[in-house]
$ cat target32.csv   # CSV, C-alpha atoms
chain,number,residue,atom,x,y,z
A,1,MET,CA,0.0,0.0,0.0
A,2,PRO,CA,1.3,3.5,-0.8
A,3,LEU,CA,2.1,5.8,2.1
A,4,THR,CA,-0.1,8.7,3.1
A,5,LEU,CA,2.2,11.6,3.7
A,6,LYS,CA,1.2,14.3,6.2
A,7,VAL,CA,2.5,17.5,7.8
A,8,GLY,CA,4.9,16.7,10.6
A,9,GLN,CA,5.9,13.3,9.2
A,10,LEU,CA,9.6,12.4,9.2
A,11,LEU,CA,11.2,10.7,6.2
A,12,LYS,CA,14.6,9.0,6.4
A,13,GLY,CA,16.5,8.9,3.2
A,14,LYS,CA,19.9,7.7,2.1
A,15,THR,CA,21.7,10.9,3.0
A,16,GLY,CA,19.2,12.9,5.2
A,17,CYS,CA,16.1,13.1,7.3
A,18,TYR,CA,13.2,15.3,6.2
A,19,GLU,CA,10.2,16.7,8.1
A,20,ILE,CA,7.2,17.6,6.0
A,21,ILE,CA,6.0,21.1,6.8
A,22,LYS,CA,3.5,21.9,4.1
A,23,GLN,CA,1.5,20.3,1.3
A,24,LEU,CA,1.8,22.2,-2.0
A,25,GLN,CA,0.0,20.0,-4.4
A,26,ASP,CA,-1.7,16.6,-4.4
A,27,SER,CA,1.7,14.8,-4.7
A,28,VAL,CA,4.1,17.6,-3.7
A,29,TRP,CA,5.2,18.7,-0.2
A,30,GLN,CA,7.7,21.1,1.2
A,31,ALA,CA,10.0,19.7,3.9
A,32,THR,CA,13.0,20.7,6.0
A,33,ASP,CA,16.3,18.7,5.8
A,34,SER,CA,17.1,18.4,9.5
A,35,LEU,CA,20.7,17.6,8.9
A,36,ARG,CA,21.4,20.6,6.6
A,37,SER,CA,18.8,23.0,7.8
A,38,GLN,CA,17.5,23.7,4.3
A,39,GLN,CA,14.2,23.4,2.5
A,40,VAL,CA,13.5,20.6,0.1
A,41,ILE,CA,10.7,19.4,-2.1
A,42,VAL,CA,9.1,16.0,-1.5
A,43,LYS,CA,7.4,14.4,-4.5
A,44,TYR,CA,5.5,11.1,-4.2
A,45,ALA,CA,2.7,9.1,-5.8
A,46,ASP,CA,2.1,5.5,-6.5
A,47,HIS,CA,2.6,6.0,-10.3
A,48,TRP,CA,5.1,5.1,-12.9
A,49,ARG,CA,5.6,8.8,-13.7
A,50,ILE,CA,7.4,9.4,-10.4
A,51,ARG,CA,9.7,6.5,-11.1
A,52,ASN,CA,10.3,7.9,-14.5
A,53,GLU,CA,11.2,11.3,-13.2
A,54,ARG,CA,13.7,9.7,-10.8
A,55,ASP,CA,15.3,7.8,-13.6
A,56,VAL,CA,15.4,10.8,-15.9
A,57,LEU,CA,17.0,13.0,-13.2
A,58,LEU,CA,19.6,10.4,-12.4
A,59,ARG,CA,20.5,10.3,-16.1
A,60,PHE,CA,20.6,14.1,-16.8
A,61,GLN,CA,21.3,16.1,-13.6
A,62,THR,CA,25.0,15.6,-13.9
A,63,ARG,CA,25.0,16.8,-17.5
A,64,THR,CA,23.7,20.3,-16.8
A,65,PRO,CA,23.0,22.5,-13.8
A,66,ARG,CA,19.8,23.7,-15.5
A,67,VAL,CA,17.9,20.6,-14.4
A,68,ARG,CA,16.3,20.7,-10.9
A,69,PRO,CA,18.2,17.8,-9.2
A,70,LEU,CA,17.2,14.8,-7.2
A,71,LEU,CA,18.9,15.1,-3.8
A,72,ASP,CA,17.8,11.9,-2.1
A,73,GLU,CA,15.3,9.1,-2.2
A,74,VAL,CA,13.1,7.5,0.5
A,75,GLU,CA,11.6,4.1,0.0
A,76,ASP,CA,7.9,3.8,0.8
A,77,GLY,CA,8.0,0.1,1.7
A,78,SER,CA,6.2,-0.9,-1.5
A,79,GLY,CA,9.1,-0.3,-3.9
A,80,ASN,CA,8.1,3.2,-4.9
A,81,PRO,CA,10.5,6.1,-4.5
A,82,ILE,CA,9.7,9.2,-2.6
A,83,LEU,CA,11.8,11.9,-4.4
A,84,ILE,CA,13.7,14.6,-2.4
A,85,LEU,CA,14.3,17.5,-4.8
A,86,ARG,CA,16.0,20.8,-4.6
A,87,PHE,CA,13.9,23.7,-3.3
A,88,LEU,CA,14.0,27.0,-5.3
A,89,ALA,CA,12.2,30.2,-4.4
A,90,GLU,CA,9.5,30.3,-7.0
A,91,ASP,CA,8.3,29.2,-10.4
A,92,ALA,CA,8.1,31.6,-13.3
A,93,LEU,CA,4.3,31.6,-13.4
A,94,HIS,CA,4.0,32.7,-9.8
A,95,THR,CA,6.6,35.4,-10.4
A,96,LEU,CA,4.5,36.7,-13.3
A,97,ASP,CA,1.6,37.0,-11.0
A,98,ARG,CA,3.6,39.4,-8.9
A,99,ARG,CA,5.6,41.4,-11.4
A,100,GLN,CA,6.9,41.8,-15.0
A,101,PHE,CA,10.3,40.3,-15.9
A,102,SER,CA,12.9,42.6,-17.3
A,103,ARG,CA,14.2,41.7,-20.8
A,104,SER,CA,17.5,40.7,-19.4
A,105,GLU,CA,15.7,38.3,-17.0
A,106,VAL,CA,13.6,36.8,-19.8
A,107,LYS,CA,16.8,36.2,-21.7
A,108,ARG,CA,18.5,34.6,-18.7
A,109,ILE,CA,15.5,32.4,-18.1
A,110,SER,CA,15.3,31.4,-21.7
A,111,ARG,CA,18.9,30.5,-21.9
A,112,GLY,CA,18.5,28.3,-18.8
A,113,VAL,CA,15.6,26.5,-20.2
A,114,LEU,CA,17.3,25.9,-23.5
A,115,GLU,CA,20.4,24.6,-21.8
A,116,ALA,CA,18.3,22.1,-20.0
A,117,LEU,CA,16.6,21.1,-23.2
A,118,LYS,CA,19.9,20.8,-25.0
A,119,ALA,CA,21.0,18.0,-22.6
A,120,LEU,CA,17.7,16.2,-23.2
A,121,HIS,CA,17.5,16.6,-26.9
A,122,GLU,CA,21.1,15.6,-27.6
A,123,ALA,CA,20.3,12.3,-25.9
A,124,GLY,CA,17.1,11.9,-27.9
A,125,PHE,CA,14.7,12.8,-25.1
A,126,VAL,CA,11.7,15.1,-25.1
A,127,HIS,CA,10.6,17.0,-21.9
A,128,THR,CA,6.9,17.3,-23.2
A,129,ASP,CA,5.7,19.9,-20.6
A,130,VAL,CA,7.7,23.1,-21.0
A,131,LYS,CA,5.7,25.9,-19.4
A,132,PRO,CA,6.2,28.8,-16.9
A,133,SER,CA,5.2,26.8,-13.9
A,134,ASN,CA,7.9,24.2,-14.6
A,135,ILE,CA,10.6,26.8,-14.7
A,136,LEU,CA,12.1,27.3,-11.2
A,137,LEU,CA,13.9,30.4,-10.1
A,138,ASP,CA,16.0,31.9,-7.4
A,139,PHE,CA,16.6,35.6,-6.9
A,140,ASP,CA,19.2,38.0,-5.6
A,141,SER,CA,18.2,39.0,-2.1
A,142,ASN,CA,19.0,42.7,-2.8
A,143,SER,CA,18.1,43.4,-6.4
A,144,LYS,CA,15.4,40.7,-6.5
A,145,GLN,CA,16.6,39.9,-10.0
A,146,VAL,CA,16.7,36.3,-11.3
A,147,THR,CA,20.0,34.6,-10.5
A,148,GLU,CA,19.3,30.9,-11.1
A,149,VAL,CA,17.1,28.9,-13.5
A,150,GLN,CA,16.2,25.2,-13.5
A,151,LEU,CA,13.8,23.2,-15.5
A,152,ALA,CA,11.5,20.9,-13.4
A,153,ASP,CA,8.8,18.2,-13.8
A,154,PHE,CA,10.3,15.3,-15.7
A,155,GLU,CA,7.5,12.9,-15.0
A,156,SER,CA,6.5,12.7,-18.7
A,157,THR,CA,9.9,13.0,-20.2
A,158,VAL,CA,10.4,10.2,-22.7
A,159,ALA,CA,12.7,9.1,-25.6
A,160,GLU,CA,11.8,10.5,-29.0
A,161,ASN,CA,11.6,6.9,-30.3
A,162,SER,CA,9.3,5.7,-27.5
A,163,GLN,CA,5.9,4.4,-28.3
A,164,HIS,CA,4.4,7.5,-26.5
A,165,ALA,CA,6.0,9.7,-29.1
A,166,ILE,CA,5.4,7.5,-32.1
A,167,ASP,CA,1.7,7.1,-31.2
A,168,GLY,CA,1.2,10.9,-30.5
A,169,ASP,CA,0.1,10.4,-26.9
A,170,ALA,CA,-1.4,13.5,-25.3
A,171,ILE,CA,1.2,15.5,-23.6
A,172,GLY,CA,1.7,18.7,-21.6
A,173,THR,CA,-0.6,21.6,-20.9
A,174,ALA,CA,-2.9,22.5,-23.8
A,175,ILE,CA,-2.1,26.2,-24.2
A,176,PHE,CA,1.6,25.4,-24.5
A,177,ARG,CA,1.2,22.2,-26.6
A,178,SER,CA,2.4,22.1,-30.1
A,179,PRO,CA,0.1,21.8,-33.1
A,180,GLU,CA,1.3,18.2,-34.0
A,181,ALA,CA,0.7,17.1,-30.4
A,182,HIS,CA,-2.8,18.6,-30.4
A,183,LEU,CA,-3.5,16.6,-33.6
A,184,GLN,CA,-2.1,13.5,-31.9
A,185,MET,CA,0.5,13.1,-34.6
A,186,SER,CA,3.9,11.6,-33.9
A,187,TRP,CA,6.0,14.2,-32.0
A,188,SER,CA,9.6,14.7,-31.2
A,189,THR,CA,12.0,17.3,-29.8
A,190,PRO,CA,10.4,20.1,-31.9
A,191,THR,CA,7.3,19.9,-29.7
A,192,ASP,CA,9.5,21.2,-26.8
A,193,ILE,CA,10.7,24.1,-29.1
A,194,TRP,CA,7.1,25.2,-29.7
A,195,SER,CA,6.3,25.0,-26.0
A,196,PHE,CA,9.4,27.0,-25.2
A,197,GLY,CA,8.2,29.6,-27.7
A,198,ALA,CA,4.7,29.8,-26.3
A,199,THR,CA,6.3,30.1,-22.8
A,200,LEU,CA,8.7,32.9,-24.0
A,201,ILE,CA,5.7,34.9,-25.2
A,202,SER,CA,4.1,34.7,-21.8
A,203,LEU,CA,7.4,35.8,-20.2
A,204,LEU,CA,7.8,38.7,-22.5
A,205,TYR,CA,4.3,40.0,-22.1
A,206,GLY,CA,3.6,39.2,-18.5
A,207,GLY,CA,0.3,40.3,-16.9
A,208,GLY,CA,-1.1,36.8,-17.1
A,209,PHE,CA,-1.1,36.8,-20.9
A,210,HIS,CA,-0.9,33.5,-22.6
A,211,ILE,CA,-1.2,33.8,-26.4
A,212,PHE,CA,-3.1,30.6,-27.0
A,213,SER,CA,-5.7,30.9,-24.2
A,214,PRO,CA,-8.9,29.9,-26.1
A,215,GLY,CA,-11.5,31.8,-24.2
A,216,VAL,CA,-13.6,28.8,-23.2
A,217,PRO,CA,-13.4,26.5,-20.1
A,218,VAL,CA,-11.0,23.6,-20.1
A,219,GLU,CA,-13.9,21.2,-19.9
A,220,ASP,CA,-15.5,22.6,-23.1
A,221,ASP,CA,-15.6,20.1,-26.0
A,222,VAL,CA,-14.1,22.7,-28.4
A,223,TYR,CA,-11.2,23.7,-26.0
A,224,ASP,CA,-8.4,22.0,-28.0
A,225,LEU,CA,-10.0,23.0,-31.3
A,226,LYS,CA,-10.1,26.6,-30.2
A,227,ILE,CA,-6.3,26.4,-29.4
A,228,LEU,CA,-5.6,25.1,-32.9
A,229,MET,CA,-7.6,28.0,-34.2
A,230,LYS,CA,-5.4,30.4,-32.2
A,231,HIS,CA,-2.3,28.8,-33.7
A,232,HIS,CA,-3.8,29.6,-37.1
A,233,GLN,CA,-4.8,33.1,-36.1
A,234,CYS,CA,-1.4,34.1,-34.8
A,235,PHE,CA,1.1,32.0,-36.8
A,236,GLY,CA,-0.9,30.6,-39.7
A,237,PRO,CA,-2.0,29.6,-42.1
A,238,PHE,CA,-1.0,25.9,-41.7
A,239,PRO,CA,1.5,25.3,-44.5
A,240,ILE,CA,0.8,23.0,-47.5
A,241,SER,CA,3.8,20.9,-46.2
A,242,TYR,CA,1.4,19.3,-43.7
A,243,ASP,CA,0.3,17.1,-46.6
A,244,GLU,CA,3.6,15.3,-46.1
A,245,ILE,CA,3.1,14.5,-42.4
A,246,ALA,CA,-0.6,14.5,-41.7
A,247,ASP,CA,-3.2,12.0,-42.7
A,248,GLU,CA,-6.5,12.8,-44.5
A,249,GLY,CA,-8.5,13.2,-41.3
A,250,ARG,CA,-6.1,15.6,-39.6
A,251,LEU,CA,-5.7,17.6,-42.9
A,252,GLY,CA,-9.5,17.8,-42.9
A,253,VAL,CA,-9.4,19.3,-39.4
A,254,LEU,CA,-6.8,21.9,-40.4
A,255,MET,CA,-8.8,22.8,-43.6
A,256,TRP,CA,-11.9,23.3,-41.5
A,257,ILE,CA,-10.1,25.5,-39.1
A,258,MET,CA,-8.7,27.7,-41.8
A,259,GLU,CA,-12.0,27.9,-43.7
A,260,ASN,CA,-14.1,28.7,-40.6
A,261,THR,CA,-11.8,31.3,-38.9
A,262,PRO,CA,-13.2,34.7,-39.7
A,263,LYS,CA,-10.6,36.9,-41.5
A,264,GLU,CA,-11.3,39.7,-39.1
A,265,SER,CA,-10.2,37.4,-36.2
A,266,LEU,CA,-6.7,36.8,-37.6
A,267,LYS,CA,-4.0,38.4,-35.5
A,268,PRO,CA,-0.7,37.6,-37.2
A,269,PHE,CA,2.1,37.9,-34.7
A,270,ALA,CA,4.3,39.2,-37.5
A,271,ARG,CA,2.2,42.4,-37.6
A,272,THR,CA,2.6,43.1,-33.8
A,273,THR,CA,3.8,46.6,-33.3
A,274,ILE,CA,6.7,47.9,-31.2
A,275,ARG,CA,4.0,49.2,-28.7
A,276,GLU,CA,3.6,45.5,-27.7
A,277,ILE,CA,7.0,43.9,-28.4
A,278,CYS,CA,10.3,45.2,-29.7
A,279,GLU,CA,11.5,44.1,-33.1
A,280,GLU,CA,14.4,42.0,-31.8
A,281,ASP,CA,12.1,39.9,-29.5
A,282,LYS,CA,9.5,39.6,-32.3
A,283,LYS,CA,12.1,38.3,-34.7
A,284,PHE,CA,13.2,35.7,-32.2
A,285,VAL,CA,9.7,34.5,-31.5
A,286,LEU,CA,8.9,34.2,-35.2
A,287,ARG,CA,11.9,32.1,-35.7
A,288,ILE,CA,10.6,29.6,-33.2
A,289,MET,CA,6.8,29.5,-33.8
A,290,LYS,CA,6.7,27.5,-37.0
A,291,LEU,CA,3.5,25.4,-37.5
A,292,ASP,CA,5.4,22.6,-39.3
A,293,PRO,CA,7.7,21.0,-36.7
A,294,ARG,CA,10.3,20.3,-39.3
A,295,ASP,CA,10.7,24.1,-39.8
A,296,ARG,CA,11.6,24.9,-36.2
A,297,PRO,CA,15.1,25.5,-35.1
A,298,THR,CA,17.0,23.2,-32.8
A,299,VAL,CA,18.0,24.1,-29.3
A,300,GLY,CA,21.6,24.5,-30.4
A,301,GLN,CA,20.6,26.9,-33.2
A,302,LEU,CA,18.5,29.0,-30.8
A,303,LEU,CA,21.4,29.2,-28.2
A,304,GLU,CA,23.6,30.6,-31.0
A,305,ASP,CA,21.0,33.2,-32.0
A,306,GLU,CA,22.1,36.9,-31.8
A,307,TRP,CA,19.1,37.5,-29.4
A,308,PHE,CA,21.3,36.0,-26.6
A,309,ARG,CA,24.3,38.2,-27.5
A,310,HIS,CA,24.0,40.5,-24.5
A,311,VAL,CA,22.9,38.1,-21.8

$ encode --input "target32.csv" --output "structure tokens"
Amino acid sequence: MPLTLKVGQLLKGKTGCYEIIKQLQDSVWQATDSLRSQQVIVKYADHWRIRNERDVLLRFQTRTPRVRPLLDEVEDGSGNPILILRFLAEDALHTLDRRQFSRSEVKRISRGVLEALKALHEAGFVHTDVKPSNILLDFDSNSKQVTEVQLADFESTVAENSQHAIDGDAIGTAIFRSPEAHLQMSWSTPTDIWSFGATLISLLYGGGFHIFSPGVPVEDDVYDLKILMKHHQCFGPFPISYDEIADEGRLGVLMWIMENTPKESLKPFARTTIREICEEDKKFVLRIMKLDPRDRPTVGQLLEDEWFRHV
């Protein structure tokens, strides 16, 4: 039977002892490392995804400092790991609720995320859930500026040749999900690039703005369809090259979207004025947000972009 974790409970790991002080989410708690007098995150559920995250972190956390590391493990008595993870001050979504990021902070955050993805992609792995709430930050105590960036939540990280990727399994959070993943086509590392681009737009704009928010509740039957329409409205039309990668049914969906989206509702990002976003930022975003996954740049190409010149 899986454990039931509660506030005040002590967990003894391989290298430390941890007292749970607060529940943050269904399967996430905050705890104190009694040996080192520091805060940690405890993550636990009787689910293969927790074991998967453990395995992914053990594989990649020594390859880049941009992955939130596994510090310790606790056994639950049933063969399931309780993960002890590094604690960082805040995720980017919560920071955006408080204040706008400076452009230099956005670039620092973006570089950190891309460096984490580079380690994954070079080994043929896909994160699948890049979004602001999975970007963890630490801040300078005086200036309050971002000083450290780590990518988190590797529960759904899989190899690009896994059956999950080949079958086009549903992944990530819908408003940050790539068009090919929405269409349940096979996906690979370019899906992370799209999610990074959608995240970047949220970081640049701030104020709770997410460009693909569909304006209907998540439980609405047309929620995902509305997001695909947003893709078309902002970065469309879907290119004819989709004939080469999509079957007849999916092409029919895309044709319906393009034929039933009123012209007056089109909001091409390329026409965004400098009152909203500077030309340098717009150019970088447009390089990323290609509807055909084959047209998107790689992580390595983005890290070499002149946009990062002054980071």

$ residues_around --input "target32.csv" --residues "range 42-57 of chain A" --least-positions-apart "6" --cutoff "6 Å" --atoms "only C-alpha atoms" --output "NGL selection string"
:A and (27-30 or 82-84 or 154-155)

$ write_last_selection --input "target32.csv" --atoms "C-alpha atoms" --output "PDB file, keeping the file's coordinate frame"
ATOM      1  CA  SER A  27       1.700  14.800  -4.700  1.00  0.00           C
ATOM      2  CA  VAL A  28       4.100  17.600  -3.700  1.00  0.00           C
ATOM      3  CA  TRP A  29       5.200  18.700  -0.200  1.00  0.00           C
ATOM      4  CA  GLN A  30       7.700  21.100   1.200  1.00  0.00           C
ATOM      5  CA  ILE A  82       9.700   9.200  -2.600  1.00  0.00           C
ATOM      6  CA  LEU A  83      11.800  11.900  -4.400  1.00  0.00           C
ATOM      7  CA  ILE A  84      13.700  14.600  -2.400  1.00  0.00           C
ATOM      8  CA  PHE A 154      10.300  15.300 -15.700  1.00  0.00           C
ATOM      9  CA  GLU A 155       7.500  12.900 -15.000  1.00  0.00           C
TER      10      GLU A 155
END

$ residues_around --input "target32.csv" --residues "Thr189 in chain A" --least-positions-apart "3" --cutoff "7 Å" --atoms "all atoms listed in the file" --output "list in words"
His121, Val126, Glu160, Asp192 and Ile193 of chain A

$ closest_atom_pairs --input "target32.csv" --of "range 33-103 of chain A" --to "range 11-26 of chain A" --cutoff "6 Å" --atoms "only C-alpha atoms" --output "CSV"
residue,atom,partner,partner_atom,distance
A:Asp33,CA,A:Tyr18,CA,4.6
A:Ser34,CA,A:Cys17,CA,5.8
A:Glu73,CA,A:Gly13,CA,5.5
A:Val74,CA,A:Gly13,CA,4.6

$ residues_around --input "target32.csv" --residues "Ile175 in chain A" --least-positions-apart "4" --cutoff "9 Å" --atoms "only C-alpha atoms" --output "list in words"
Ser195, Ala198, His210, Ile211, Phe212, Ser213, Pro214, Asp224 and Ile227 of chain A

$ atom_distance --input "target32.csv" --atom1 "CA of Lys283 in chain A" --atom2 "CA of Ala92 in chain A"
22.8 Å

$ residues_around --input "target32.csv" --residues "Leu204 in chain A" --least-positions-apart "3" --cutoff "7 Å" --atoms "only C-alpha atoms" --output "mmCIF file with C-alpha atoms, in the frame of the given file"
data_model
loop_
_atom_site.group_PDB
_atom_site.id
_atom_site.type_symbol
_atom_site.label_atom_id
_atom_site.label_comp_id
_atom_site.auth_asym_id
_atom_site.auth_seq_id
_atom_site.Cartn_x
_atom_site.Cartn_y
_atom_site.Cartn_z
ATOM 1 C CA VAL A 106 13.600 36.800 -19.800
ATOM 2 C CA LEU A 200 8.700 32.900 -24.000
ATOM 3 C CA ILE A 201 5.700 34.900 -25.200
#

$ closest_residue --input "target32.csv" --among "A:Gly252, A:Gly124, A:Gly206, A:Gly112" --to "Thr147 in chain A" --atoms "all atoms listed in the file"
A:Gly112

$ closest_residue --input "target32.csv" --among "A:Thr261, A:Gln9, A:Gln145, A:Ser162" --to "Cys234 in chain A" --atoms "all atoms listed in the file"
A:Thr261

$ residues_around --input "target32.csv" --residues "Val299 in chain A" --least-positions-apart "3" --cutoff "7 Å" --atoms "only C-alpha atoms" --output "PDB file with C-alpha atoms, in the frame of the given file"
ATOM      1  CA  LEU A 114      17.300  25.900 -23.500  1.00  0.00           C
ATOM      2  CA  LEU A 117      16.600  21.100 -23.200  1.00  0.00           C
ATOM      3  CA  LYS A 118      19.900  20.800 -25.000  1.00  0.00           C
ATOM      4  CA  LEU A 302      18.500  29.000 -30.800  1.00  0.00           C
ATOM      5  CA  LEU A 303      21.400  29.200 -28.200  1.00  0.00           C
TER       6      LEU A 303
END

$ closest_residue --input "target32.csv" --among "A:Trp307, A:Ile41, A:Pro2, A:Leu228" --to "Cys278 in chain A" --atoms "all atoms listed in the file"
A:Trp307

$ atom_distance --input "target32.csv" --atom1 "CA of Gln39 in chain A" --atom2 "CA of Phe101 in chain A"
25.3 Å

$ closest_residue --input "target32.csv" --among "A:Met229, A:His182, A:Ile109, A:Glu244" --to "Glu259 in chain A" --atoms "all atoms listed in the file"
A:Met229

$ closest_residue --input "target32.csv" --among "A:Glu264, A:Pro237, A:Leu254, A:Pro81" --to "Leu225 in chain A" --atoms "all atoms listed in the file"
A:Leu254

$ closest_residue --input "target32.csv" --among "A:Arg103, A:Arg309, A:His231, A:Lys131" --to "Gly172 in chain A" --atoms "all atoms listed in the file"
A:Lys131

$ closest_atom_pairs --input "target32.csv" --of "range 148-214 of chain A" --to "range 133-137 of chain A" --cutoff "7 Å" --atoms "all atoms listed in the file" --output "CSV"
residue,atom,partner,partner_atom,distance
A:Glu148,CA,A:Leu137,CA,5.5
A:Val149,CA,A:Leu137,CA,4.9
A:Gln150,CA,A:Leu136,CA,5.1
A:Leu151,CA,A:Ile135,CA,4.9
A:Ala152,CA,A:Asn134,CA,5.0
A:Asp153,CA,A:Asn134,CA,6.1

$ decode --input "target32.csv" --residues "range 208-221 of chain A" --atoms "N, CA and C atoms" --output "mmCIF file, in the first residue's frame"
data_model
loop_
_atom_site.group_PDB
_atom_site.id
_atom_site.type_symbol
_atom_site.label_atom_id
_atom_site.label_comp_id
_atom_site.auth_asym_id
_atom_site.auth_seq_id
_atom_site.Cartn_x
_atom_site.Cartn_y
_atom_site.Cartn_z
ATOM 1 N N GLY A 208 -0.230 37.887 -16.938
ATOM 2 C CA GLY A 208 -1.145 36.760 -17.086
ATOM 3 C C GLY A 208 -1.534 36.460 -18.516
ATOM 4 N N PHE A 209 -0.823 37.059 -19.485
ATOM 5 C CA PHE A 209 -1.146 36.847 -20.900
ATOM 6 C C PHE A 209 -0.537 35.544 -21.395
ATOM 7 N N HIS A 210 -1.385 34.691 -21.984
ATOM 8 C CA HIS A 210 -0.937 33.467 -22.642
ATOM 9 C C HIS A 210 -1.575 33.464 -24.025
ATOM 10 N N ILE A 211 -0.763 33.528 -25.043
ATOM 11 C CA ILE A 211 -1.235 33.844 -26.387
ATOM 12 C C ILE A 211 -2.265 32.857 -26.922
ATOM 13 N N PHE A 212 -2.220 31.600 -26.483
ATOM 14 C CA PHE A 212 -3.139 30.602 -27.023
ATOM 15 C C PHE A 212 -4.300 30.273 -26.087
ATOM 16 N N SER A 213 -4.523 31.083 -25.072
ATOM 17 C CA SER A 213 -5.702 30.877 -24.224
ATOM 18 C C SER A 213 -6.948 30.962 -25.098
ATOM 19 N N PRO A 214 -7.800 29.931 -25.096
ATOM 20 C CA PRO A 214 -8.871 29.852 -26.088
ATOM 21 C C PRO A 214 -10.146 30.604 -25.745
ATOM 22 N N GLY A 215 -10.264 31.085 -24.525
ATOM 23 C CA GLY A 215 -11.460 31.846 -24.171
ATOM 24 C C GLY A 215 -12.668 30.998 -23.837
ATOM 25 N N VAL A 216 -12.472 29.688 -23.664
ATOM 26 C CA VAL A 216 -13.552 28.793 -23.231
ATOM 27 C C VAL A 216 -13.015 27.932 -22.093
ATOM 28 N N PRO A 217 -13.882 27.387 -21.240
ATOM 29 C CA PRO A 217 -13.414 26.550 -20.125
ATOM 30 C C PRO A 217 -12.698 25.292 -20.607
ATOM 31 N N VAL A 218 -11.798 24.783 -19.779
ATOM 32 C CA VAL A 218 -11.026 23.584 -20.129
ATOM 33 C C VAL A 218 -11.943 22.406 -20.447
ATOM 34 N N GLU A 219 -13.052 22.315 -19.745
ATOM 35 C CA GLU A 219 -13.949 21.174 -19.940
ATOM 36 C C GLU A 219 -14.808 21.300 -21.200
ATOM 37 N N ASP A 220 -14.745 22.426 -21.885
ATOM 38 C CA ASP A 220 -15.533 22.630 -23.106
ATOM 39 C C ASP A 220 -15.054 21.679 -24.200
ATOM 40 N N ASP A 221 -15.981 21.104 -24.937
ATOM 41 C CA ASP A 221 -15.642 20.139 -25.988
ATOM 42 C C ASP A 221 -14.760 20.738 -27.077
#
